[in-house]
>>> print(open('start21.csv').read())   # CSV, C-alpha atoms (C1' of nucleotides)
chain,number,residue,atom,x,y,z
A,1484,MET,CA,12.5,-2.7,-21.7
A,1485,PRO,CA,11.8,0.6,-20.0
A,1486,LYS,CA,12.5,1.4,-16.4
A,1487,ASP,CA,10.1,-0.3,-14.0
A,1488,VAL,CA,7.2,2.0,-13.7
A,1489,THR,CA,4.9,-0.9,-13.0
A,1490,SER,CA,5.5,-1.0,-9.3
A,1491,GLU,CA,3.9,2.4,-9.2
A,1492,ILE,CA,0.7,1.2,-10.9
A,1493,THR,CA,-1.6,0.1,-8.1
A,1494,SER,CA,-4.1,-2.5,-8.6
A,1495,ALA,CA,-7.0,-0.1,-9.0
A,1496,GLU,CA,-5.1,2.0,-11.3
A,1497,TRP,CA,-4.3,-1.1,-13.4
A,1498,GLU,CA,-8.0,-1.2,-14.3
A,1499,VAL,CA,-7.8,2.2,-15.8
A,1500,MET,CA,-4.6,1.3,-17.7
A,1501,ARG,CA,-6.3,-1.6,-19.3
A,1502,ILE,CA,-8.9,0.6,-20.8
A,1503,VAL,CA,-6.5,3.1,-22.1
A,1504,TRP,CA,-4.3,0.3,-23.5
A,1505,THR,CA,-7.3,-1.1,-25.3
A,1506,LEU,CA,-8.5,2.2,-26.7
A,1507,LYS,CA,-5.0,3.7,-27.3
A,1508,GLN,CA,-6.5,7.0,-26.3
A,1509,THR,CA,-9.7,7.9,-24.7
A,1510,ASP,CA,-11.6,10.5,-22.6
A,1511,SER,CA,-12.6,10.4,-19.0
A,1512,LYS,CA,-16.2,9.8,-19.8
A,1513,THR,CA,-15.4,6.5,-21.4
A,1514,ILE,CA,-13.2,5.4,-18.6
A,1515,ILE,CA,-15.8,6.4,-16.0
A,1516,ASP,CA,-18.6,4.6,-17.9
A,1517,VAL,CA,-16.7,1.4,-18.2
A,1518,LEU,CA,-15.4,1.2,-14.7
A,1519,SER,CA,-18.4,2.5,-12.9
A,1520,ASP,CA,-20.3,-0.3,-14.7
A,1521,LYS,CA,-17.8,-3.1,-14.3
A,1522,LYS,CA,-16.4,-2.2,-10.9
A,1523,GLY,CA,-19.1,-0.1,-9.3
A,1524,TRP,CA,-16.7,2.7,-8.6
A,1525,SER,CA,-18.0,6.2,-8.2
A,1526,PRO,CA,-17.1,8.7,-10.9
A,1527,SER,CA,-15.0,10.6,-8.3
A,1528,THR,CA,-13.0,7.6,-7.5
A,1529,ILE,CA,-12.2,7.0,-11.1
A,1530,LYS,CA,-11.3,10.6,-11.7
A,1531,THR,CA,-8.8,10.3,-8.8
A,1532,LEU,CA,-7.3,7.2,-10.3
A,1533,VAL,CA,-6.9,8.9,-13.7
A,1534,SER,CA,-5.3,12.0,-12.2
A,1535,ARG,CA,-2.9,10.0,-10.1
A,1536,LEU,CA,-1.8,8.1,-13.2
A,1537,VAL,CA,-1.2,11.4,-14.9
A,1538,LYS,CA,0.7,12.7,-12.0
A,1539,LYS,CA,2.9,9.6,-12.0
A,1540,LYS,CA,3.5,10.2,-15.8
A,1541,ILE,CA,2.1,6.8,-16.7
A,1542,LEU,CA,-0.7,8.5,-18.6
A,1543,SER,CA,-0.5,11.7,-20.5
A,1544,ALA,CA,-3.4,14.2,-20.8
A,1545,GLN,CA,-3.9,16.4,-23.8
A,1546,LYS,CA,-6.4,19.2,-23.5
A,1547,HIS,CA,-8.9,19.6,-26.3
A,1548,LYS,CA,-11.0,22.6,-25.5
A,1549,SER,CA,-11.2,22.0,-21.7
A,1550,LYS,CA,-11.5,18.3,-22.0
A,1551,ASN,CA,-8.7,15.8,-21.7
A,1552,ILE,CA,-7.7,13.0,-24.0
A,1553,TYR,CA,-5.7,10.5,-22.2
A,1554,PHE,CA,-3.1,8.2,-23.6
A,1555,THR,CA,-0.5,5.9,-22.1
A,1556,ASN,CA,3.3,6.3,-21.9
A,1557,ILE,CA,4.0,2.6,-21.3
A,1558,GLU,CA,3.1,-0.4,-23.4
A,1559,GLU,CA,0.8,-3.0,-22.1
A,1560,LYS,CA,3.3,-5.7,-23.1
A,1561,ASP,CA,6.1,-4.1,-21.1
A,1562,ALA,CA,3.9,-3.4,-18.1
A,1563,SER,CA,2.6,-6.9,-18.0
A,1564,ASN,CA,6.0,-8.6,-18.3
A,1565,LEU,CA,7.5,-6.4,-15.6
A,1566,MET,CA,4.5,-6.9,-13.4
A,1567,ALA,CA,4.9,-10.6,-13.6
A,1568,ILE,CA,8.6,-10.8,-13.2
A,1569,ASN,CA,8.5,-8.4,-10.2
A,1570,SER,CA,6.1,-10.7,-8.4
A,1571,VAL,CA,8.1,-13.8,-9.1
A,1572,GLU,CA,11.4,-12.1,-8.0
A,1573,ASN,CA,10.4,-12.4,-4.4
A,1574,ILE,CA,10.2,-16.1,-4.8
A,1575,CYS,CA,13.2,-18.4,-4.1
A,1576,CYS,CA,14.9,-19.1,-7.4
A,1577,MET,CA,14.6,-22.8,-6.8
A,1578,ARG,CA,10.9,-22.6,-6.7
A,1579,GLN,CA,10.5,-20.5,-9.8
A,1580,GLY,CA,10.3,-23.5,-12.1
A,1581,ALA,CA,7.5,-24.9,-10.0
A,1582,VAL,CA,5.7,-21.5,-10.0
A,1583,ILE,CA,5.8,-21.4,-13.8
A,1584,LYS,CA,4.4,-24.9,-13.9
A,1585,TYR,CA,1.6,-23.8,-11.6
A,1586,LEU,CA,0.9,-20.8,-13.9
A,1587,ILE,CA,0.8,-23.0,-17.0
A,1588,ASN,CA,-1.6,-25.4,-15.3
A,1589,HIS,CA,-3.9,-22.7,-14.0
A,1590,LEU,CA,-4.1,-20.3,-16.9
A,1591,ASP,CA,-5.9,-20.6,-20.2
A,1592,ILE,CA,-3.3,-20.8,-22.9
A,1593,SER,CA,-4.0,-21.2,-26.6
A,1594,LYS,CA,-2.5,-24.1,-28.6
A,1595,PRO,CA,-0.3,-21.8,-30.7
A,1596,ASP,CA,1.0,-20.2,-27.5
A,1597,ILE,CA,1.7,-23.6,-26.0
A,1598,ASP,CA,3.7,-24.5,-29.1
A,1599,ASP,CA,5.6,-21.4,-28.9
A,1600,LEU,CA,6.3,-22.0,-25.2
A,1601,ILE,CA,7.6,-25.5,-25.9
A,1602,LYS,CA,9.8,-24.1,-28.6
A,1603,THR,CA,11.1,-21.5,-26.2
A,1604,LEU,CA,11.8,-24.1,-23.5
A,1605,GLU,CA,13.6,-26.4,-25.9
A,1606,ASN,CA,15.8,-23.6,-26.9
A,1607,LYS,CA,16.5,-22.6,-23.4
A,1608,ARG,CA,17.2,-26.2,-22.5
A,1609,THR,CA,20.4,-26.2,-24.6
A,1610,ASN,CA,22.3,-24.0,-22.1
A,1611,ALA,CA,20.4,-24.8,-19.0
A,1612,LYS,CA,22.3,-26.0,-15.9
A,1613,GLU,CA,21.4,-29.2,-14.1
A,1614,LYS,CA,20.7,-27.1,-11.0
A,1615,VAL,CA,20.2,-23.4,-10.7
A,1616,ASN,CA,22.6,-21.5,-8.5
A,1617,CYS,CA,20.4,-19.9,-6.0
A,1618,ASP,CA,21.8,-16.9,-4.3
A,1619,CYS,CA,18.5,-16.1,-2.7
A,1620,LEU,CA,18.6,-15.4,1.0
A,1621,ASN,CA,16.3,-18.3,1.3
A,1622,CYS,CA,18.7,-20.9,0.0
A,1623,ASP,CA,21.8,-19.3,1.4
A,1624,ARG,CA,22.0,-21.5,4.4
A,1625,GLU,CA,25.5,-20.3,5.3
A,1626,VAL,CA,24.1,-17.1,6.6
A,1627,LEU,CA,21.8,-18.9,8.9
A,1628,LYS,CA,24.6,-20.4,10.9
B,1051,MET,CA,-5.0,-24.6,-2.0
B,1052,PRO,CA,-5.7,-22.4,1.0
B,1053,LYS,CA,-7.5,-19.2,0.9
B,1054,ASP,CA,-5.5,-16.4,-0.5
B,1055,VAL,CA,-3.6,-14.9,2.4
B,1056,THR,CA,-0.8,-13.9,0.1
B,1057,SER,CA,-2.3,-10.6,-0.8
B,1058,GLU,CA,-1.9,-9.7,2.9
B,1059,ILE,CA,1.8,-10.4,2.8
B,1060,THR,CA,3.6,-7.2,1.9
B,1061,SER,CA,6.8,-7.1,0.1
B,1062,ALA,CA,8.9,-6.4,3.3
B,1063,GLU,CA,7.0,-9.0,5.2
B,1064,TRP,CA,7.8,-11.5,2.5
B,1065,GLU,CA,11.4,-11.3,3.4
B,1066,VAL,CA,10.6,-12.4,6.9
B,1067,MET,CA,8.5,-15.2,5.6
B,1068,ARG,CA,11.3,-16.6,3.5
B,1069,ILE,CA,13.4,-17.0,6.6
B,1070,VAL,CA,10.7,-18.7,8.5
B,1071,TRP,CA,10.0,-21.0,5.6
B,1072,THR,CA,13.6,-22.0,5.3
B,1073,LEU,CA,14.1,-22.6,9.0
B,1074,LYS,CA,10.6,-24.0,9.6
B,1075,GLN,CA,10.7,-22.3,13.0
B,1076,THR,CA,12.9,-19.7,14.4
B,1077,ASP,CA,13.3,-16.9,17.0
B,1078,SER,CA,13.3,-13.2,16.5
B,1079,LYS,CA,17.1,-12.9,17.0
B,1080,THR,CA,17.8,-15.0,14.0
B,1081,ILE,CA,15.3,-13.1,11.8
B,1082,ILE,CA,16.8,-9.8,13.0
B,1083,ASP,CA,20.4,-11.0,12.4
B,1084,VAL,CA,19.7,-12.1,8.9
B,1085,LEU,CA,17.6,-9.2,7.8
B,1086,SER,CA,19.6,-6.5,9.4
B,1087,ASP,CA,22.6,-7.8,7.6
B,1088,LYS,CA,21.0,-8.6,4.2
B,1089,LYS,CA,18.6,-5.6,4.1
B,1090,GLY,CA,20.1,-3.1,6.5
B,1091,TRP,CA,16.8,-2.8,8.4
B,1092,SER,CA,16.8,-1.8,12.0
B,1093,PRO,CA,15.9,-4.4,14.6
B,1094,SER,CA,12.8,-2.3,15.4
B,1095,THR,CA,11.6,-2.5,11.8
B,1096,ILE,CA,12.0,-6.2,11.7
B,1097,LYS,CA,10.2,-6.6,15.0
B,1098,THR,CA,7.3,-4.7,13.6
B,1099,LEU,CA,7.2,-6.8,10.5
B,1100,VAL,CA,7.2,-10.0,12.6
B,1101,SER,CA,4.4,-8.8,14.9
B,1102,ARG,CA,2.3,-7.7,12.0
B,1103,LEU,CA,2.6,-11.1,10.4
B,1104,VAL,CA,1.5,-12.6,13.7
B,1105,LYS,CA,-1.4,-10.3,13.9
B,1106,LYS,CA,-2.4,-11.3,10.4
B,1107,LYS,CA,-2.1,-14.9,11.6
B,1108,ILE,CA,0.4,-15.7,8.9
B,1109,LEU,CA,2.9,-16.5,11.5
B,1110,SER,CA,2.2,-18.1,14.9
B,1111,ALA,CA,4.2,-17.3,18.0
B,1112,GLN,CA,4.7,-19.8,20.8
B,1113,LYS,CA,6.1,-18.5,24.0
B,1114,HIS,CA,9.0,-20.3,25.5
B,1115,LYS,CA,9.8,-18.6,28.8
B,1116,SER,CA,9.1,-15.1,27.6
B,1117,LYS,CA,10.7,-15.6,24.2
B,1118,ASN,CA,8.8,-16.5,21.1
B,1119,ILE,CA,9.3,-19.2,18.6
B,1120,TYR,CA,7.8,-18.3,15.3
B,1121,PHE,CA,6.5,-20.7,12.8
B,1122,THR,CA,4.4,-20.2,9.7
B,1123,ASN,CA,0.8,-21.1,9.0
B,1124,ILE,CA,1.1,-21.1,5.2
B,1125,GLU,CA,3.4,-23.2,3.0
B,1126,GLU,CA,5.9,-21.5,0.9
B,1127,LYS,CA,4.8,-23.4,-2.2
B,1128,ASP,CA,1.2,-22.2,-1.8
B,1129,ALA,CA,2.2,-18.7,-1.1
B,1130,SER,CA,4.5,-18.5,-4.1
B,1131,ASN,CA,2.0,-20.0,-6.4
B,1132,LEU,CA,-0.8,-17.7,-5.3
B,1133,MET,CA,1.5,-14.7,-5.4
B,1134,ALA,CA,2.3,-15.4,-9.0
B,1135,ILE,CA,-1.1,-16.1,-10.1
B,1136,ASN,CA,-2.5,-13.0,-8.4
B,1137,SER,CA,-0.1,-10.8,-10.2
B,1138,VAL,CA,-0.9,-12.4,-13.6
B,1139,GLU,CA,-4.6,-12.2,-13.1
B,1140,ASN,CA,-4.6,-8.5,-13.7
B,1141,ILE,CA,-3.2,-9.1,-17.1
B,1142,CYS,CA,-5.4,-9.6,-20.2
B,1143,CYS,CA,-5.8,-13.3,-20.8
B,1144,MET,CA,-4.6,-13.1,-24.3
B,1145,ARG,CA,-1.3,-11.7,-23.1
B,1146,GLN,CA,-0.8,-14.4,-20.5
B,1147,GLY,CA,1.0,-16.8,-22.8
B,1148,ALA,CA,3.4,-14.1,-23.8
B,1149,VAL,CA,4.0,-13.2,-20.2
B,1150,ILE,CA,4.9,-16.8,-19.3
B,1151,LYS,CA,7.3,-16.8,-22.3
B,1152,TYR,CA,8.8,-13.7,-20.9
B,1153,LEU,CA,9.2,-15.4,-17.5
B,1154,ILE,CA,10.8,-18.4,-19.0
B,1155,ASN,CA,13.3,-16.3,-20.9
B,1156,HIS,CA,14.2,-14.2,-18.0
B,1157,LEU,CA,14.4,-16.6,-15.1
B,1158,ASP,CA,17.0,-19.2,-14.3
B,1159,ILE,CA,15.4,-22.6,-14.7
B,1160,SER,CA,17.2,-25.9,-14.3
B,1161,LYS,CA,17.3,-28.6,-17.0
B,1162,PRO,CA,15.1,-31.0,-15.1
B,1163,ASP,CA,12.6,-28.2,-14.5
B,1164,ILE,CA,12.6,-27.3,-18.1
B,1165,ASP,CA,11.9,-31.0,-19.0
B,1166,ASP,CA,9.1,-31.0,-16.6
B,1167,LEU,CA,7.6,-27.8,-18.0
B,1168,ILE,CA,7.8,-29.2,-21.5
B,1169,LYS,CA,6.0,-32.3,-20.4
B,1170,THR,CA,3.4,-30.2,-18.7
B,1171,LEU,CA,2.8,-28.2,-21.8
B,1172,GLU,CA,2.6,-31.2,-24.1
B,1173,ASN,CA,0.0,-32.5,-21.8
B,1174,LYS,CA,-1.9,-29.3,-21.7
B,1175,ARG,CA,-1.7,-29.1,-25.4
B,1176,THR,CA,-4.1,-32.0,-25.9
B,1177,ASN,CA,-7.1,-30.1,-24.8
B,1178,ALA,CA,-6.0,-26.6,-25.6
B,1179,LYS,CA,-8.2,-24.3,-27.7
B,1180,GLU,CA,-6.9,-22.6,-30.8
B,1181,LYS,CA,-7.8,-19.3,-29.3
B,1182,VAL,CA,-8.5,-18.5,-25.7
B,1183,ASN,CA,-11.9,-17.0,-24.9
B,1184,CYS,CA,-11.0,-13.8,-23.3
B,1185,ASP,CA,-13.6,-12.3,-21.1
B,1186,CYS,CA,-11.3,-9.6,-19.7
B,1187,LEU,CA,-12.6,-6.1,-19.8
B,1188,ASN,CA,-9.7,-5.4,-21.9
B,1189,CYS,CA,-10.8,-7.6,-24.7
B,1190,ASP,CA,-14.5,-7.1,-24.3
B,1191,ARG,CA,-14.8,-4.5,-26.9
B,1192,GLU,CA,-18.5,-4.6,-26.9
B,1193,VAL,CA,-18.7,-2.6,-23.7
B,1194,LEU,CA,-16.5,0.1,-25.2
B,1195,LYS,CA,-19.1,0.9,-27.9
C,722,DT,C1',-28.0,34.6,-21.8
C,723,DT,C1',-29.5,31.9,-18.1
C,724,DT,C1',-29.6,27.2,-16.6
C,725,DT,C1',-27.8,22.9,-16.5
C,726,DT,C1',-24.5,19.4,-17.4
C,727,DT,C1',-19.9,17.9,-17.6
C,728,DC,C1',-15.4,17.4,-16.3
C,729,DG,C1',-11.1,18.6,-14.2
C,730,DT,C1',-9.0,19.9,-9.7
C,731,DC,C1',-8.8,20.2,-4.7
C,732,DT,C1',-9.7,18.4,-0.4
C,733,DA,C1',-10.6,14.5,2.8
C,734,DC,C1',-10.1,10.6,5.4
C,735,DA,C1',-9.3,6.0,7.1
C,736,DG,C1',-6.5,1.9,6.4
C,737,DT,C1',-1.9,0.0,5.0
C,738,DT,C1',3.0,-0.1,4.6
C,739,DG,C1',7.8,1.1,5.5
C,740,DT,C1',10.5,2.7,8.9
C,741,DA,C1',11.9,3.1,13.7
C,742,DA,C1',12.2,5.0,18.6
C,743,DA,C1',10.7,4.3,23.3
C,744,DC,C1',9.1,1.6,26.9
C,745,DT,C1',8.7,-2.7,29.6
C,746,DA,C1',9.3,-7.1,31.2
C,747,DT,C1',12.2,-10.9,31.6
C,748,DA,C1',16.5,-13.4,31.6
C,749,DA,C1',21.3,-13.7,32.0
C,750,DT,C1',25.5,-12.1,34.2
C,751,DC,C1',28.4,-10.1,37.8
D,307,DG,C1',20.5,-9.4,44.5
D,308,DA,C1',21.9,-5.6,41.3
D,309,DT,C1',23.1,-4.7,36.7
D,310,DT,C1',22.9,-5.4,32.0
D,311,DA,C1',21.3,-7.4,27.9
D,312,DT,C1',17.5,-9.1,25.3
D,313,DA,C1',13.2,-9.4,23.3
D,314,DG,C1',8.3,-8.3,23.1
D,315,DT,C1',4.8,-4.4,23.0
D,316,DT,C1',3.4,0.4,22.2
D,317,DT,C1',3.5,4.4,19.9
D,318,DA,C1',4.8,7.3,15.9
D,319,DC,C1',4.7,9.1,11.5
D,320,DA,C1',5.0,10.0,6.7
D,321,DA,C1',3.8,8.1,2.1
D,322,DC,C1',0.7,5.5,-0.5
D,323,DT,C1',-4.1,3.6,-1.6
D,324,DG,C1',-8.9,3.1,-2.0
D,325,DT,C1',-12.7,5.6,-1.8
D,326,DA,C1',-15.3,9.8,-2.6
D,327,DG,C1',-17.4,14.6,-1.8
D,328,DA,C1',-17.1,19.5,-3.0
D,329,DC,C1',-15.8,23.3,-5.9
D,330,DG,C1',-15.2,25.8,-10.1
D,331,DA,C1',-14.9,26.6,-15.0
D,332,DA,C1',-16.3,25.6,-19.3
D,333,DA,C1',-19.5,23.7,-22.6
D,334,DA,C1',-24.1,22.5,-24.0
D,335,DA,C1',-28.8,23.1,-23.8
D,336,DA,C1',-32.9,25.7,-23.0
>>> encode(input="start21.csv", output="structure tokens")
Amino acid sequence: MPKDVTSEITSAEWEVMRIVWTLKQTDSKTIIDVLSDKKGWSPSTIKTLVSRLVKKKILSAQKHKSKNIYFTNIEEKDASNLMAINSVENICCMRQGAVIKYLINHLDISKPDIDDLIKTLENKRTNAKEKVNCDCLNCDREVLK
Amino acid sequence: MPKDVTSEITSAEWEVMRIVWTLKQTDSKTIIDVLSDKKGWSPSTIKTLVSRLVKKKILSAQKHKSKNIYFTNIEEKDASNLMAINSVENICCMRQGAVIKYLINHLDISKPDIDDLIKTLENKRTNAKEKVNCDCLNCDREVLK
DNA sequence: TTTTTTCGTCTACAGTTGTAAACTATAATC
DNA sequence: GATTATAGTTTACAACTGTAGACGAAAAAA
């Protein structure tokens, strides 16, 4: 897992990333076409987003006779995982199980994926504690006199 | 589930919220003590965070002879769930199963919670599709000629 | 080759966030 | 009552974000 560059990807920039991830590599025209259509953003806005991603080294640009081809330096899989875990890290450890349950209940998951998740859980179960040691500030009542 | 106010809670503010959630209600001295210790933030910084949360109506302040008692207007459970789902929403639907798997593997979950998750999944399995219909931009190759 | 289109770069600007000092009003202590 | 401590309010300020116009160079079209 690479260093966490996801926290530098803003929510608008994420939209650009998804296009580049899908296409592996692309030019700005394509990105602008897709996003101005889907998001209603102006070409200028999209150009800014792309160039910020390049500046942050999340995208790379290769010049082909004055036009750029963009490709990504971070895998979608890695970015997605890090993104998710970052957001959950703020949450009190003792709630995290419940949060995952909420996600399961509210996201569309395919049957093969469900089977895989069950297997993963059964596996994890073997060494799981009865109660998680929560060292979150939230649970560390000591501090709070 | 209340309207999504979590997107207005910044990551620094979240720390304040966790304290108020734990204590149900508290005064600024307590918040300042805990966070200046745990986070090394200056009292001023913490006061700013608290007052921004009040301005955003995420916390309420009740004056008791010139001092405030703060309490929260949104439940931790709701905030946590929304927080998590928001962050996952950016991710291509077809990846979401994998992301949950990643979370399961990387978070500490208690045995009872694991059992509960397995049960939840088995339940969800009944009506699960073989393949999720992904209408994410990412998967909607049509658009991308 | 002149004109037009395209695309990358630069500049802009308001709102948010992290970070915190300064000021003020009130409460507690001497 | 005067002094000191405490806590709420105001102001500050740079970096980051969303949003986008303007400018300039190169490519394509006329």
>>> interface_residues(input="start21.csv", of="chain D", to="chain B", cutoff="10 Å", atoms="all atoms listed in the file", output="number ranges by chain")
D: 312-315
>>> interface_residues(input="start21.csv", of="chain C", to="chain A", cutoff="10 Å", atoms="only C-alpha atoms (C1' of nucleotides)", output="list in words")
DT727, DC728, DG729 and DT730 of chain C
>>> write_last_selection(input="start21.csv", atoms="C-alpha atoms (C1' of nucleotides)", output="compact mmCIF listing (two decimals), in the coordinates of the input")
# COMPACT_ATOMS: atom_id res chain seq x y z
C1' DT C 727 -19.90 17.90 -17.60
C1' DC C 728 -15.40 17.40 -16.30
C1' DG C 729 -11.10 18.60 -14.20
C1' DT C 730 -9.00 19.90 -9.70
>>> residues_around(input="start21.csv", residues="Lys1607 (chain A)", least_positions_apart="3", cutoff="9 Å", atoms="all atoms listed in the file", output="mmCIF file with C-alpha atoms, in the frame of the given file")
data_model
loop_
_atom_site.group_PDB
_atom_site.id
_atom_site.type_symbol
_atom_site.label_atom_id
_atom_site.label_comp_id
_atom_site.auth_asym_id
_atom_site.auth_seq_id
_atom_site.Cartn_x
_atom_site.Cartn_y
_atom_site.Cartn_z
ATOM 1 C CA LYS A 1602 9.800 -24.100 -28.600
ATOM 2 C CA THR A 1603 11.100 -21.500 -26.200
ATOM 3 C CA LEU A 1604 11.800 -24.100 -23.500
ATOM 4 C CA ASN A 1610 22.300 -24.000 -22.100
ATOM 5 C CA ALA A 1611 20.400 -24.800 -19.000
ATOM 6 C CA ILE B 1154 10.800 -18.400 -19.000
ATOM 7 C CA ASN B 1155 13.300 -16.300 -20.900
ATOM 8 C CA ILE B 1159 15.400 -22.600 -14.700
ATOM 9 C CA LYS B 1161 17.300 -28.600 -17.000
ATOM 10 C CA ILE B 1164 12.600 -27.300 -18.100
#
>>> atom_distance(input="start21.csv", atom1="CA of Val1582 (chain A)", atom2="CA of Asp1128 (chain B)")
9.4 Å
>>> closest_residue(input="start21.csv", among="B:Lys1074, B:Arg1175, B:Lys1105, B:His1114", to="chain A", atoms="all atoms listed in the file")
B:Arg1175
>>> interface_residues(input="start21.csv", of="chain B", to="chain A", cutoff="7 Å", atoms="all atoms listed in the file", output="VMD selection string")
chain B and resid 1068 to 1069 1072 1130 to 1131 1133 to 1135 1137 to 1138 1141 1147 1149 1151 to 1153 1158 to 1164 1167 to 1168 1171 1175 1178 to 1182 1188
>>> atom_distance(input="start21.csv", atom1="C1' of DG307 (chain D)", atom2="C1' of DA746 (chain C)")
17.5 Å
>>> closest_residue(input="start21.csv", among="A:Trp1524, A:Ile1492, A:Asp1487, A:Glu1558", to="Lys1539 (chain A)", atoms="all atoms listed in the file")
A:Ile1492
